[in-house]
>>> print(open('work28.cif').read())   # mmCIF, C-alpha atoms and all ligand atoms
data_coords
#
loop_
_atom_site.label_atom_id
_atom_site.label_comp_id
_atom_site.auth_asym_id
_atom_site.auth_seq_id
_atom_site.Cartn_x
_atom_site.Cartn_y
_atom_site.Cartn_z
CA MET A 1 51.52 11.61 2.83
CA LYS A 2 52.41 8.13 1.67
CA ASN A 3 53.32 6.79 5.09
CA LYS A 4 50.89 8.80 7.19
CA ILE A 5 47.64 7.43 5.77
CA LYS A 6 46.73 3.90 6.71
CA ALA A 7 42.97 3.94 6.18
CA ILE A 8 40.62 5.70 3.79
CA LEU A 9 37.02 6.41 4.68
CA PHE A 10 34.35 7.39 2.20
CA ASP A 11 31.06 9.19 2.10
CA VAL A 12 28.41 7.40 -0.03
CA ASP A 13 25.91 9.74 -1.68
CA GLU A 14 27.42 11.89 -4.43
CA THR A 15 30.85 10.45 -3.62
CA LEU A 16 30.50 6.75 -4.56
CA PHE A 17 26.84 6.74 -5.54
CA ASP A 18 25.50 9.33 -7.98
CA ARG A 19 22.26 10.25 -6.30
CA VAL A 20 20.88 12.49 -9.05
CA LEU A 21 21.49 9.82 -11.69
CA ALA A 22 19.86 7.30 -9.35
CA GLN A 23 16.82 9.54 -8.83
CA GLN A 24 16.25 9.67 -12.59
CA ALA A 25 16.59 5.90 -12.92
CA ILE A 26 14.29 5.15 -9.99
CA LEU A 27 11.64 7.56 -11.25
CA GLU A 28 11.61 5.73 -14.58
CA LEU A 29 11.03 2.46 -12.73
CA ILE A 30 8.26 3.95 -10.58
CA VAL A 31 6.45 5.47 -13.58
CA LYS A 32 6.69 2.16 -15.44
CA GLN A 33 5.13 0.29 -12.53
CA MET A 34 2.29 2.82 -12.07
CA PRO A 35 1.26 3.63 -15.66
CA GLN A 36 -2.34 4.42 -14.71
CA VAL A 37 -1.17 7.19 -12.35
CA PHE A 38 1.36 8.98 -14.53
CA ASP A 39 -0.29 8.52 -17.92
CA GLY A 40 -0.64 11.87 -19.67
CA TYR A 41 1.84 13.72 -17.46
CA ASP A 42 4.76 15.48 -19.10
CA PRO A 43 7.86 13.38 -18.16
CA GLU A 44 9.96 16.49 -17.65
CA ARG A 45 7.44 17.92 -15.21
CA VAL A 46 7.30 14.60 -13.36
CA LEU A 47 11.11 14.50 -13.10
CA ALA A 48 11.27 18.13 -11.91
CA ALA A 49 8.69 17.39 -9.19
CA PHE A 50 10.54 14.24 -8.13
CA LEU A 51 13.90 16.02 -7.90
CA LYS A 52 12.37 18.99 -6.10
CA SER A 53 10.65 16.86 -3.45
CA ASP A 54 13.86 14.89 -2.96
CA GLN A 55 15.96 18.03 -2.65
CA ILE A 56 13.64 19.53 -0.05
CA TYR A 57 13.71 16.41 2.11
CA THR A 58 17.45 15.86 1.66
CA ASP A 59 18.07 19.43 2.84
CA LEU A 60 15.75 18.95 5.82
CA PHE A 61 17.52 15.69 6.71
CA ASN A 62 20.94 17.32 6.40
CA ASN A 63 19.75 20.07 8.71
CA GLY A 64 18.87 17.55 11.38
CA ALA A 65 15.18 16.80 10.71
CA PRO A 66 14.07 13.38 12.02
CA SER A 67 14.24 10.62 9.44
CA GLU A 68 11.13 8.81 10.59
CA GLY A 69 8.26 9.26 8.14
CA SER A 70 10.33 11.52 5.90
CA ARG A 71 10.12 9.18 2.91
CA ASP A 72 6.33 9.26 2.97
CA ARG A 73 6.34 13.02 3.35
CA ARG A 74 8.66 13.23 0.35
CA SER A 75 6.43 10.94 -1.75
CA LYS A 76 3.38 12.97 -0.73
CA LEU A 77 5.02 16.26 -1.74
CA PHE A 78 6.02 14.75 -5.09
CA LEU A 79 2.37 13.84 -5.78
CA GLN A 80 1.14 17.21 -4.51
CA LEU A 81 3.49 19.07 -6.84
CA LEU A 82 1.88 17.22 -9.75
CA GLY A 83 -1.67 17.49 -8.41
CA ILE A 84 -1.96 13.68 -8.18
CA ASP A 85 -4.07 11.99 -5.50
CA GLU A 86 -2.11 11.49 -2.26
CA LYS A 87 -3.50 7.98 -1.86
CA TYR A 88 -0.52 6.73 -3.89
CA THR A 89 1.99 8.00 -1.30
CA ALA A 90 2.71 4.64 0.35
CA LYS A 91 3.05 2.88 -3.00
CA ILE A 92 5.60 5.42 -4.24
CA THR A 93 7.64 4.99 -1.06
CA GLU A 94 7.44 1.21 -1.30
CA LEU A 95 8.69 1.15 -4.90
CA TYR A 96 11.39 3.66 -4.07
CA VAL A 97 12.80 1.63 -1.20
CA LYS A 98 12.57 -1.62 -3.16
CA ASP A 99 14.19 -0.47 -6.40
CA TYR A 100 16.41 2.47 -5.50
CA PRO A 101 19.51 0.72 -4.11
CA GLY A 102 19.79 -1.59 -7.11
CA VAL A 103 19.88 1.08 -9.81
CA LYS A 104 23.17 1.46 -11.62
CA ALA A 105 24.40 4.85 -10.52
CA HIS A 106 27.97 4.70 -9.35
CA VAL A 107 30.10 7.82 -9.67
CA ASP A 108 32.54 7.59 -12.59
CA GLY A 109 35.78 5.94 -11.57
CA ALA A 110 34.69 5.15 -8.02
CA VAL A 111 34.47 1.37 -8.34
CA PRO A 112 37.90 0.68 -9.96
CA VAL A 113 39.61 3.20 -7.66
CA ILE A 114 38.13 1.63 -4.51
CA LYS A 115 39.19 -1.81 -5.72
CA LYS A 116 42.70 -0.57 -6.37
CA LEU A 117 42.99 1.19 -2.99
CA SER A 118 41.67 -1.87 -1.16
CA ARG A 119 44.88 -3.71 -1.99
CA LYS A 120 46.92 -1.20 -0.01
CA TYR A 121 44.69 0.46 2.59
CA GLN A 122 42.00 -0.40 5.06
CA LEU A 123 38.79 1.10 3.75
CA GLY A 124 35.59 2.20 5.44
CA VAL A 125 32.37 4.13 5.02
CA VAL A 126 30.92 6.94 7.13
CA SER A 127 27.54 8.02 5.81
CA ASN A 128 24.44 9.92 6.86
CA GLY A 129 21.83 7.67 5.38
CA PHE A 130 19.13 5.11 5.77
CA THR A 131 20.43 1.72 6.84
CA ASP A 132 18.23 -0.34 4.52
CA VAL A 133 19.28 1.40 1.32
CA GLN A 134 22.93 2.29 2.06
CA TYR A 135 24.04 -1.33 2.52
CA ARG A 136 22.23 -2.39 -0.62
CA LYS A 137 23.77 0.43 -2.66
CA LEU A 138 27.25 -0.70 -1.61
CA GLU A 139 26.35 -4.28 -2.48
CA ALA A 140 24.94 -3.30 -5.89
CA MET A 141 28.22 -1.52 -6.67
CA GLY A 142 30.13 -4.66 -5.65
CA LEU A 143 31.97 -2.73 -2.94
CA ARG A 144 30.47 -3.77 0.38
CA ASP A 145 32.98 -6.52 1.11
CA LEU A 146 35.92 -4.18 0.50
CA PHE A 147 35.01 -2.00 3.49
CA SER A 148 36.32 -3.10 6.87
CA CYS A 149 33.84 -0.81 8.62
CA ILE A 150 30.58 0.81 7.62
CA VAL A 151 29.24 3.44 10.01
CA LEU A 152 25.76 4.75 9.15
CA SER A 153 24.18 7.61 11.07
CA GLU A 154 20.79 5.90 11.31
CA GLU A 155 22.43 2.91 12.97
CA PHE A 156 25.00 4.66 15.07
CA GLY A 157 22.74 7.50 16.23
CA ILE A 158 25.06 10.40 15.43
CA ARG A 159 25.22 12.24 12.11
CA LYS A 160 28.01 13.98 10.27
CA PRO A 161 29.39 16.61 10.76
CA ASN A 162 29.54 15.49 14.42
CA PRO A 163 33.13 14.24 14.92
CA GLY A 164 31.76 11.31 16.94
CA ILE A 165 30.70 9.38 13.86
CA PHE A 166 34.18 9.75 12.30
CA HIS A 167 35.83 8.68 15.57
CA GLN A 168 33.63 5.59 15.65
CA ALA A 169 35.01 4.51 12.26
CA ALA A 170 38.62 5.07 13.39
CA LEU A 171 37.90 3.07 16.54
CA LEU A 172 36.48 0.15 14.55
CA LEU A 173 39.55 0.14 12.30
CA HIS A 174 41.90 0.41 15.32
CA MET A 175 43.36 3.59 13.86
CA GLN A 176 44.07 7.05 15.15
CA PRO A 177 42.04 9.75 13.36
CA GLN A 178 45.25 11.24 11.96
CA GLU A 179 46.00 7.92 10.24
CA CYS A 180 42.72 8.20 8.31
CA LEU A 181 41.84 10.09 5.15
CA TYR A 182 38.19 10.97 4.66
CA VAL A 183 36.84 11.48 1.14
CA GLY A 184 33.50 13.21 0.64
CA ASP A 185 31.61 15.72 -1.50
CA SER A 186 29.95 17.88 1.16
CA TYR A 187 31.97 20.78 2.50
CA THR A 188 29.79 21.09 5.59
CA ASN A 189 29.31 17.46 6.52
CA ASP A 190 32.51 15.92 5.20
CA VAL A 191 35.28 18.53 5.14
CA ILE A 192 34.35 20.32 8.36
CA GLY A 193 33.25 17.12 10.11
CA ALA A 194 36.33 15.04 9.34
CA LYS A 195 38.70 17.97 9.95
CA ASN A 196 37.17 18.53 13.39
CA ALA A 197 37.59 14.82 14.03
CA GLY A 198 41.34 15.17 13.38
CA MET A 199 41.41 13.31 10.06
CA HIS A 200 43.02 14.23 6.79
CA VAL A 201 40.38 15.23 4.29
CA CYS A 202 40.02 15.01 0.55
CA TRP A 203 37.14 17.12 -0.76
CA PHE A 204 35.54 15.51 -3.80
CA ASN A 205 34.57 18.75 -5.48
CA ARG A 206 33.06 17.56 -8.74
CA ASP A 207 31.52 20.95 -9.57
CA SER A 208 34.67 22.92 -8.72
CA GLN A 209 32.90 25.05 -6.11
CA GLN A 210 34.67 27.77 -4.16
CA ILE A 211 35.73 26.84 -0.65
CA PRO A 212 32.99 28.38 1.51
CA ASP A 213 35.28 29.12 4.47
CA GLU A 214 38.99 29.70 3.96
CA LYS A 215 39.60 28.97 7.65
CA ILE A 216 38.75 25.28 7.25
CA LYS A 217 40.51 23.87 4.23
CA PRO A 218 40.63 20.29 3.00
CA ASP A 219 44.10 18.75 2.70
CA PHE A 220 43.33 17.74 -0.88
CA VAL A 221 40.75 18.59 -3.50
CA ILE A 222 39.87 16.31 -6.40
CA THR A 223 37.33 16.82 -9.16
CA LYS A 224 37.60 13.27 -10.53
CA PHE A 225 37.78 10.05 -8.58
CA GLU A 226 40.74 8.81 -10.60
CA GLU A 227 42.92 11.57 -9.09
CA LEU A 228 42.78 9.96 -5.65
CA PRO A 229 45.39 7.16 -5.86
CA GLY A 230 47.99 9.56 -7.29
CA LEU A 231 47.60 11.94 -4.32
CA LEU A 232 48.41 9.20 -1.89
CA GLU A 233 51.66 8.38 -3.66
CA LYS A 234 53.04 11.87 -3.04
MG MG B 301 27.68 13.03 0.03
#
>>> encode(input="work28.cif", output="structure tokens", more="lines below")
Ligand SMILES: [Mg+2]
Amino acid sequence: MKNKIKAILFDVDETLFDRVLAQQAILELIVKQMPQVFDGYDPERVLAAFLKSDQIYTDLFNNGAPSEGSRDRRSKLFLQLLGIDEKYTAKITELYVKDYPGVKAHVDGAVPVIKKLSRKYQLGVVSNGFTDVQYRKLEAMGLRDLFSCIVLSEEFGIRKPNPGIFHQAALLLHMQPQECLYVGDSYTNDVIGAKNAGMHVCWFNRDSQQIPDEKIKPDFVITKFEELPGLLEK
């Protein structure tokens, strides 16, 4: 494997950036900035509503729903779940977009491993995500400058698992797909997508899930980020 791989491409959410940890941190910031709205609400109930509304809209997005207006719909659902007046919808969205990318929520080991790999490989990002927050997340983690290409679905117009978005990254790096390794946490978007694009794939399977379809297998599976450099030495 050592000589075959020349570039490593990464997913962002739940691969480099711990989205659930970030959701908890951003909710704390939102509640702090709107004390009059959340005063008297059980914090656990507020968190559950926030995570539920986020999960519903993340699933819809992953299933191809249009991104436009989805943040406001998510904020509105969050308020509805708590029985809070919907007039705060726009404010919740505004605080979310402003504060979310700066929260400290990198996945354990991701930052030092990326730095280490950057000395030997060309690195890139292929992510389904909103342009305004994805760049800022990478910046907040101190990683943006280490990536030679960053391909975001909302900018490029094609989402994972469509092989086209993976091919775009290979093209920008002047690599063949088979010279690239893609690392991501989603079996559907990352493993199937990158495999169909002709890349090598490392499934970042933090929760040790079963492979959903034995017919499409990742080349590697890791449960911790620190396992990645060792795989490439083999
Ligand atoms: Mg992901």
>>> closest_atom_pairs(input="work28.cif", of="chain A", to="ligand MG 301 (chain B)", cutoff="7 Å", atoms="only C-alpha atoms and all ligand atoms", output="CSV")
residue,atom,partner,partner_atom,distance
A:Asp11,CA,B:MG301,MG,5.5
A:Val12,CA,B:MG301,MG,5.7
A:Asp13,CA,B:MG301,MG,4.1
A:Glu14,CA,B:MG301,MG,4.6
A:Thr15,CA,B:MG301,MG,5.5
A:Gly184,CA,B:MG301,MG,5.9
A:Asp185,CA,B:MG301,MG,5.0
A:Ser186,CA,B:MG301,MG,5.5
>>> write_last_selection(input="work28.cif", atoms="C-alpha atoms", output="CSV table (one decimal), in the frame of the given file")
chain,number,residue,atom,x,y,z
A,11,ASP,CA,31.1,9.2,2.1
A,12,VAL,CA,28.4,7.4,0.0
A,13,ASP,CA,25.9,9.7,-1.7
A,14,GLU,CA,27.4,11.9,-4.4
A,15,THR,CA,30.8,10.4,-3.6
A,184,GLY,CA,33.5,13.2,0.6
A,185,ASP,CA,31.6,15.7,-1.5
A,186,SER,CA,30.0,17.9,1.2
>>> closest_residue(input="work28.cif", among="A:Ile216, A:Leu47, A:Ala170, A:Cys202", to="A:Gln23", atoms="only C-alpha atoms")
A:Leu47
>>> closest_residue(input="work28.cif", among="A:Leu152, A:Ala197, A:Val46, A:Leu21", to="A:Glu179", atoms="only C-alpha atoms")
A:Ala197
>>> closest_residue(input="work28.cif", among="A:Ser148, A:Gln209, A:Asn196, A:Asn63", to="A:Gly164", atoms="all atoms listed in the file")
A:Asn196
>>> residues_around(input="work28.cif", residues="A:Gln176", least_positions_apart="4", cutoff="12 Å", atoms="all atoms listed in the file", output="ChimeraX atom specification")
/A:4-8,166-172,180-181,197-200
>>> residues_near_point(input="work28.cif", point="(3.6, 16.2, -8.3)", cutoff="12 Å", atoms="only C-alpha atoms", output="VMD selection string")
chain A and resid 37 to 38 41 to 54 74 to 86 88 to 89 92
>>> write_last_selection(input="work28.cif", atoms="C-alpha atoms", output="CSV table (one decimal), keeping the file's coordinate frame")
chain,number,residue,atom,x,y,z
A,37,VAL,CA,-1.2,7.2,-12.4
A,38,PHE,CA,1.4,9.0,-14.5
A,41,TYR,CA,1.8,13.7,-17.5
A,42,ASP,CA,4.8,15.5,-19.1
A,43,PRO,CA,7.9,13.4,-18.2
A,44,GLU,CA,10.0,16.5,-17.6
A,45,ARG,CA,7.4,17.9,-15.2
A,46,VAL,CA,7.3,14.6,-13.4
A,47,LEU,CA,11.1,14.5,-13.1
A,48,ALA,CA,11.3,18.1,-11.9
A,49,ALA,CA,8.7,17.4,-9.2
A,50,PHE,CA,10.5,14.2,-8.1
A,51,LEU,CA,13.9,16.0,-7.9
A,52,LYS,CA,12.4,19.0,-6.1
A,53,SER,CA,10.6,16.9,-3.4
A,54,ASP,CA,13.9,14.9,-3.0
A,74,ARG,CA,8.7,13.2,0.4
A,75,SER,CA,6.4,10.9,-1.8
A,76,LYS,CA,3.4,13.0,-0.7
A,77,LEU,CA,5.0,16.3,-1.7
A,78,PHE,CA,6.0,14.8,-5.1
A,79,LEU,CA,2.4,13.8,-5.8
A,80,GLN,CA,1.1,17.2,-4.5
A,81,LEU,CA,3.5,19.1,-6.8
A,82,LEU,CA,1.9,17.2,-9.8
A,83,GLY,CA,-1.7,17.5,-8.4
A,84,ILE,CA,-2.0,13.7,-8.2
A,85,ASP,CA,-4.1,12.0,-5.5
A,86,GLU,CA,-2.1,11.5,-2.3
A,88,TYR,CA,-0.5,6.7,-3.9
A,89,THR,CA,2.0,8.0,-1.3
A,92,ILE,CA,5.6,5.4,-4.2
>>> residues_around(input="work28.cif", residues="stretch 140-146 of chain A", least_positions_apart="4", cutoff="9 Å", atoms="all atoms listed in the file", output="ChimeraX atom specification")
/A:16-17,101-106,111,114-115,118,122-124,135-136,150
>>> residues_near_point(input="work28.cif", point="(19.8, 4.1, 6.4)", cutoff="8 Å", atoms="only C-alpha atoms", output="list in words")
Asn128, Gly129, Phe130, Thr131, Asp132, Val133, Gln134, Tyr135, Leu152, Ser153, Glu154 and Glu155 of chain A
>>> write_last_selection(input="work28.cif", atoms="C-alpha atoms", output="PDB file, in the frame of the given file")
ATOM      1  CA  ASN A 128      24.440   9.920   6.860  1.00  0.00           C
ATOM      2  CA  GLY A 129      21.830   7.670   5.380  1.00  0.00           C
ATOM      3  CA  PHE A 130      19.130   5.110   5.770  1.00  0.00           C
ATOM      4  CA  THR A 131      20.430   1.720   6.840  1.00  0.00           C
ATOM      5  CA  ASP A 132      18.230  -0.340   4.520  1.00  0.00           C
ATOM      6  CA  VAL A 133      19.280   1.400   1.320  1.00  0.00           C
ATOM      7  CA  GLN A 134      22.930   2.290   2.060  1.00  0.00           C
ATOM      8  CA  TYR A 135      24.040  -1.330   2.520  1.00  0.00           C
ATOM      9  CA  LEU A 152      25.760   4.750   9.150  1.00  0.00           C
ATOM     10  CA  SER A 153      24.180   7.610  11.070  1.00  0.00           C
ATOM     11  CA  GLU A 154      20.790   5.900  11.310  1.00  0.00           C
ATOM     12  CA  GLU A 155      22.430   2.910  12.970  1.00  0.00           C
TER      13      GLU A 155
END
>>> atom_distance(input="work28.cif", atom1="atom CA of A:Phe10", atom2="atom CA of A:Tyr182")
5.8 Å
>>> atom_distance(input="work28.cif", atom1="atom CA of A:Glu139", atom2="atom CA of A:Val126")
15.5 Å
>>> decode(input="work28.cif", residues="stretch 88-100 of chain A", atoms="all heavy atoms", output="PDB file, in the first residue's frame")
ATOM      1  N   TYR A  88     -38.300  33.251  17.471  1.00  0.00           N
ATOM      2  CA  TYR A  88     -36.846  33.243  17.721  1.00  0.00           C
ATOM      3  C   TYR A  88     -36.069  32.424  16.678  1.00  0.00           C
ATOM      4  O   TYR A  88     -34.853  32.269  16.789  1.00  0.00           O
ATOM      5  CB  TYR A  88     -36.545  32.694  19.121  1.00  0.00           C
ATOM      6  CG  TYR A  88     -37.156  33.530  20.223  1.00  0.00           C
ATOM      7  CD1 TYR A  88     -38.232  33.052  20.967  1.00  0.00           C
ATOM      8  CD2 TYR A  88     -36.660  34.797  20.524  1.00  0.00           C
ATOM      9  CE1 TYR A  88     -38.805  33.821  21.976  1.00  0.00           C
ATOM     10  CE2 TYR A  88     -37.224  35.577  21.526  1.00  0.00           C
ATOM     11  CZ  TYR A  88     -38.302  35.083  22.241  1.00  0.00           C
ATOM     12  OH  TYR A  88     -38.862  35.845  23.229  1.00  0.00           O
ATOM     13  N   THR A  89     -36.769  31.888  15.701  1.00  0.00           N
ATOM     14  CA  THR A  89     -36.136  31.010  14.704  1.00  0.00           C
ATOM     15  C   THR A  89     -34.902  31.650  14.059  1.00  0.00           C
ATOM     16  O   THR A  89     -33.811  31.061  14.059  1.00  0.00           O
ATOM     17  CB  THR A  89     -37.163  30.657  13.592  1.00  0.00           C
ATOM     18  OG1 THR A  89     -38.230  29.931  14.192  1.00  0.00           O
ATOM     19  CG2 THR A  89     -36.529  29.815  12.500  1.00  0.00           C
ATOM     20  N   ALA A  90     -35.057  32.847  13.524  1.00  0.00           N
ATOM     21  CA  ALA A  90     -33.953  33.476  12.791  1.00  0.00           C
ATOM     22  C   ALA A  90     -32.762  33.755  13.709  1.00  0.00           C
ATOM     23  O   ALA A  90     -31.603  33.611  13.301  1.00  0.00           O
ATOM     24  CB  ALA A  90     -34.425  34.771  12.141  1.00  0.00           C
ATOM     25  N   LYS A  91     -33.059  34.114  14.948  1.00  0.00           N
ATOM     26  CA  LYS A  91     -31.976  34.408  15.906  1.00  0.00           C
ATOM     27  C   LYS A  91     -31.166  33.145  16.222  1.00  0.00           C
ATOM     28  O   LYS A  91     -29.935  33.175  16.298  1.00  0.00           O
ATOM     29  CB  LYS A  91     -32.591  34.992  17.194  1.00  0.00           C
ATOM     30  CG  LYS A  91     -31.574  35.446  18.221  1.00  0.00           C
ATOM     31  CD  LYS A  91     -30.857  36.707  17.780  1.00  0.00           C
ATOM     32  CE  LYS A  91     -29.749  37.100  18.733  1.00  0.00           C
ATOM     33  NZ  LYS A  91     -28.831  38.081  18.114  1.00  0.00           N
ATOM     34  N   ILE A  92     -31.877  32.035  16.397  1.00  0.00           N
ATOM     35  CA  ILE A  92     -31.194  30.760  16.672  1.00  0.00           C
ATOM     36  C   ILE A  92     -30.272  30.418  15.498  1.00  0.00           C
ATOM     37  O   ILE A  92     -29.102  30.069  15.679  1.00  0.00           O
ATOM     38  CB  ILE A  92     -32.221  29.604  16.861  1.00  0.00           C
ATOM     39  CG1 ILE A  92     -33.164  29.872  18.028  1.00  0.00           C
ATOM     40  CG2 ILE A  92     -31.514  28.251  16.986  1.00  0.00           C
ATOM     41  CD1 ILE A  92     -32.675  29.493  19.377  1.00  0.00           C
ATOM     42  N   THR A  93     -30.790  30.541  14.292  1.00  0.00           N
ATOM     43  CA  THR A  93     -29.983  30.230  13.101  1.00  0.00           C
ATOM     44  C   THR A  93     -28.777  31.153  13.025  1.00  0.00           C
ATOM     45  O   THR A  93     -27.660  30.702  12.746  1.00  0.00           O
ATOM     46  CB  THR A  93     -30.835  30.382  11.818  1.00  0.00           C
ATOM     47  OG1 THR A  93     -31.987  29.540  11.944  1.00  0.00           O
ATOM     48  CG2 THR A  93     -30.054  29.984  10.580  1.00  0.00           C
ATOM     49  N   GLU A  94     -28.993  32.418  13.291  1.00  0.00           N
ATOM     50  CA  GLU A  94     -27.893  33.398  13.210  1.00  0.00           C
ATOM     51  C   GLU A  94     -26.769  33.048  14.204  1.00  0.00           C
ATOM     52  O   GLU A  94     -25.588  33.042  13.844  1.00  0.00           O
ATOM     53  CB  GLU A  94     -28.465  34.781  13.531  1.00  0.00           C
ATOM     54  CG  GLU A  94     -27.478  35.921  13.436  1.00  0.00           C
ATOM     55  CD  GLU A  94     -27.979  37.148  14.198  1.00  0.00           C
ATOM     56  OE1 GLU A  94     -29.179  37.486  14.069  1.00  0.00           O
ATOM     57  OE2 GLU A  94     -27.165  37.742  14.935  1.00  0.00           O
ATOM     58  N   LEU A  95     -27.163  32.738  15.442  1.00  0.00           N
ATOM     59  CA  LEU A  95     -26.140  32.403  16.446  1.00  0.00           C
ATOM     60  C   LEU A  95     -25.433  31.106  16.085  1.00  0.00           C
ATOM     61  O   LEU A  95     -24.226  30.954  16.276  1.00  0.00           O
ATOM     62  CB  LEU A  95     -26.781  32.283  17.840  1.00  0.00           C
ATOM     63  CG  LEU A  95     -27.321  33.581  18.428  1.00  0.00           C
ATOM     64  CD1 LEU A  95     -28.021  33.312  19.762  1.00  0.00           C
ATOM     65  CD2 LEU A  95     -26.205  34.610  18.638  1.00  0.00           C
ATOM     66  N   TYR A  96     -26.198  30.176  15.550  1.00  0.00           N
ATOM     67  CA  TYR A  96     -25.639  28.884  15.154  1.00  0.00           C
ATOM     68  C   TYR A  96     -24.546  29.071  14.105  1.00  0.00           C
ATOM     69  O   TYR A  96     -23.422  28.586  14.247  1.00  0.00           O
ATOM     70  CB  TYR A  96     -26.767  28.010  14.605  1.00  0.00           C
ATOM     71  CG  TYR A  96     -26.367  26.591  14.309  1.00  0.00           C
ATOM     72  CD1 TYR A  96     -26.628  25.567  15.198  1.00  0.00           C
ATOM     73  CD2 TYR A  96     -25.725  26.256  13.112  1.00  0.00           C
ATOM     74  CE1 TYR A  96     -26.270  24.264  14.935  1.00  0.00           C
ATOM     75  CE2 TYR A  96     -25.354  24.956  12.837  1.00  0.00           C
ATOM     76  CZ  TYR A  96     -25.635  23.968  13.738  1.00  0.00           C
ATOM     77  OH  TYR A  96     -25.263  22.669  13.469  1.00  0.00           O
ATOM     78  N   VAL A  97     -24.882  29.803  13.065  1.00  0.00           N
ATOM     79  CA  VAL A  97     -23.930  29.992  11.958  1.00  0.00           C
ATOM     80  C   VAL A  97     -22.707  30.776  12.430  1.00  0.00           C
ATOM     81  O   VAL A  97     -21.572  30.488  12.042  1.00  0.00           O
ATOM     82  CB  VAL A  97     -24.613  30.699  10.765  1.00  0.00           C
ATOM     83  CG1 VAL A  97     -23.609  31.056   9.676  1.00  0.00           C
ATOM     84  CG2 VAL A  97     -25.718  29.813  10.195  1.00  0.00           C
ATOM     85  N   LYS A  98     -22.935  31.737  13.291  1.00  0.00           N
ATOM     86  CA  LYS A  98     -21.834  32.581  13.776  1.00  0.00           C
ATOM     87  C   LYS A  98     -20.865  31.785  14.680  1.00  0.00           C
ATOM     88  O   LYS A  98     -19.657  31.871  14.504  1.00  0.00           O
ATOM     89  CB  LYS A  98     -22.422  33.760  14.570  1.00  0.00           C
ATOM     90  CG  LYS A  98     -21.375  34.685  15.198  1.00  0.00           C
ATOM     91  CD  LYS A  98     -22.001  35.943  15.788  1.00  0.00           C
ATOM     92  CE  LYS A  98     -22.706  35.738  17.110  1.00  0.00           C
ATOM     93  NZ  LYS A  98     -21.860  35.474  18.263  1.00  0.00           N
ATOM     94  N   ASP A  99     -21.413  31.033  15.597  1.00  0.00           N
ATOM     95  CA  ASP A  99     -20.563  30.418  16.630  1.00  0.00           C
ATOM     96  C   ASP A  99     -20.116  28.988  16.334  1.00  0.00           C
ATOM     97  O   ASP A  99     -19.070  28.555  16.806  1.00  0.00           O
ATOM     98  CB  ASP A  99     -21.293  30.409  17.980  1.00  0.00           C
ATOM     99  CG  ASP A  99     -21.494  31.819  18.525  1.00  0.00           C
ATOM    100  OD1 ASP A  99     -20.640  32.681  18.242  1.00  0.00           O
ATOM    101  OD2 ASP A  99     -22.500  32.053  19.217  1.00  0.00           O
ATOM    102  N   TYR A 100     -20.917  28.278  15.572  1.00  0.00           N
ATOM    103  CA  TYR A 100     -20.695  26.837  15.402  1.00  0.00           C
ATOM    104  C   TYR A 100     -19.299  26.449  14.894  1.00  0.00           C
ATOM    105  O   TYR A 100     -18.647  25.577  15.464  1.00  0.00           O
ATOM    106  CB  TYR A 100     -21.787  26.286  14.492  1.00  0.00           C
ATOM    107  CG  TYR A 100     -21.679  24.845  14.114  1.00  0.00           C
ATOM    108  CD1 TYR A 100     -21.778  23.841  15.072  1.00  0.00           C
ATOM    109  CD2 TYR A 100     -21.502  24.460  12.791  1.00  0.00           C
ATOM    110  CE1 TYR A 100     -21.695  22.517  14.716  1.00  0.00           C
ATOM    111  CE2 TYR A 100     -21.426  23.141  12.430  1.00  0.00           C
ATOM    112  CZ  TYR A 100     -21.522  22.167  13.393  1.00  0.00           C
ATOM    113  OH  TYR A 100     -21.435  20.862  13.039  1.00  0.00           O
TER     114      TYR A 100
END
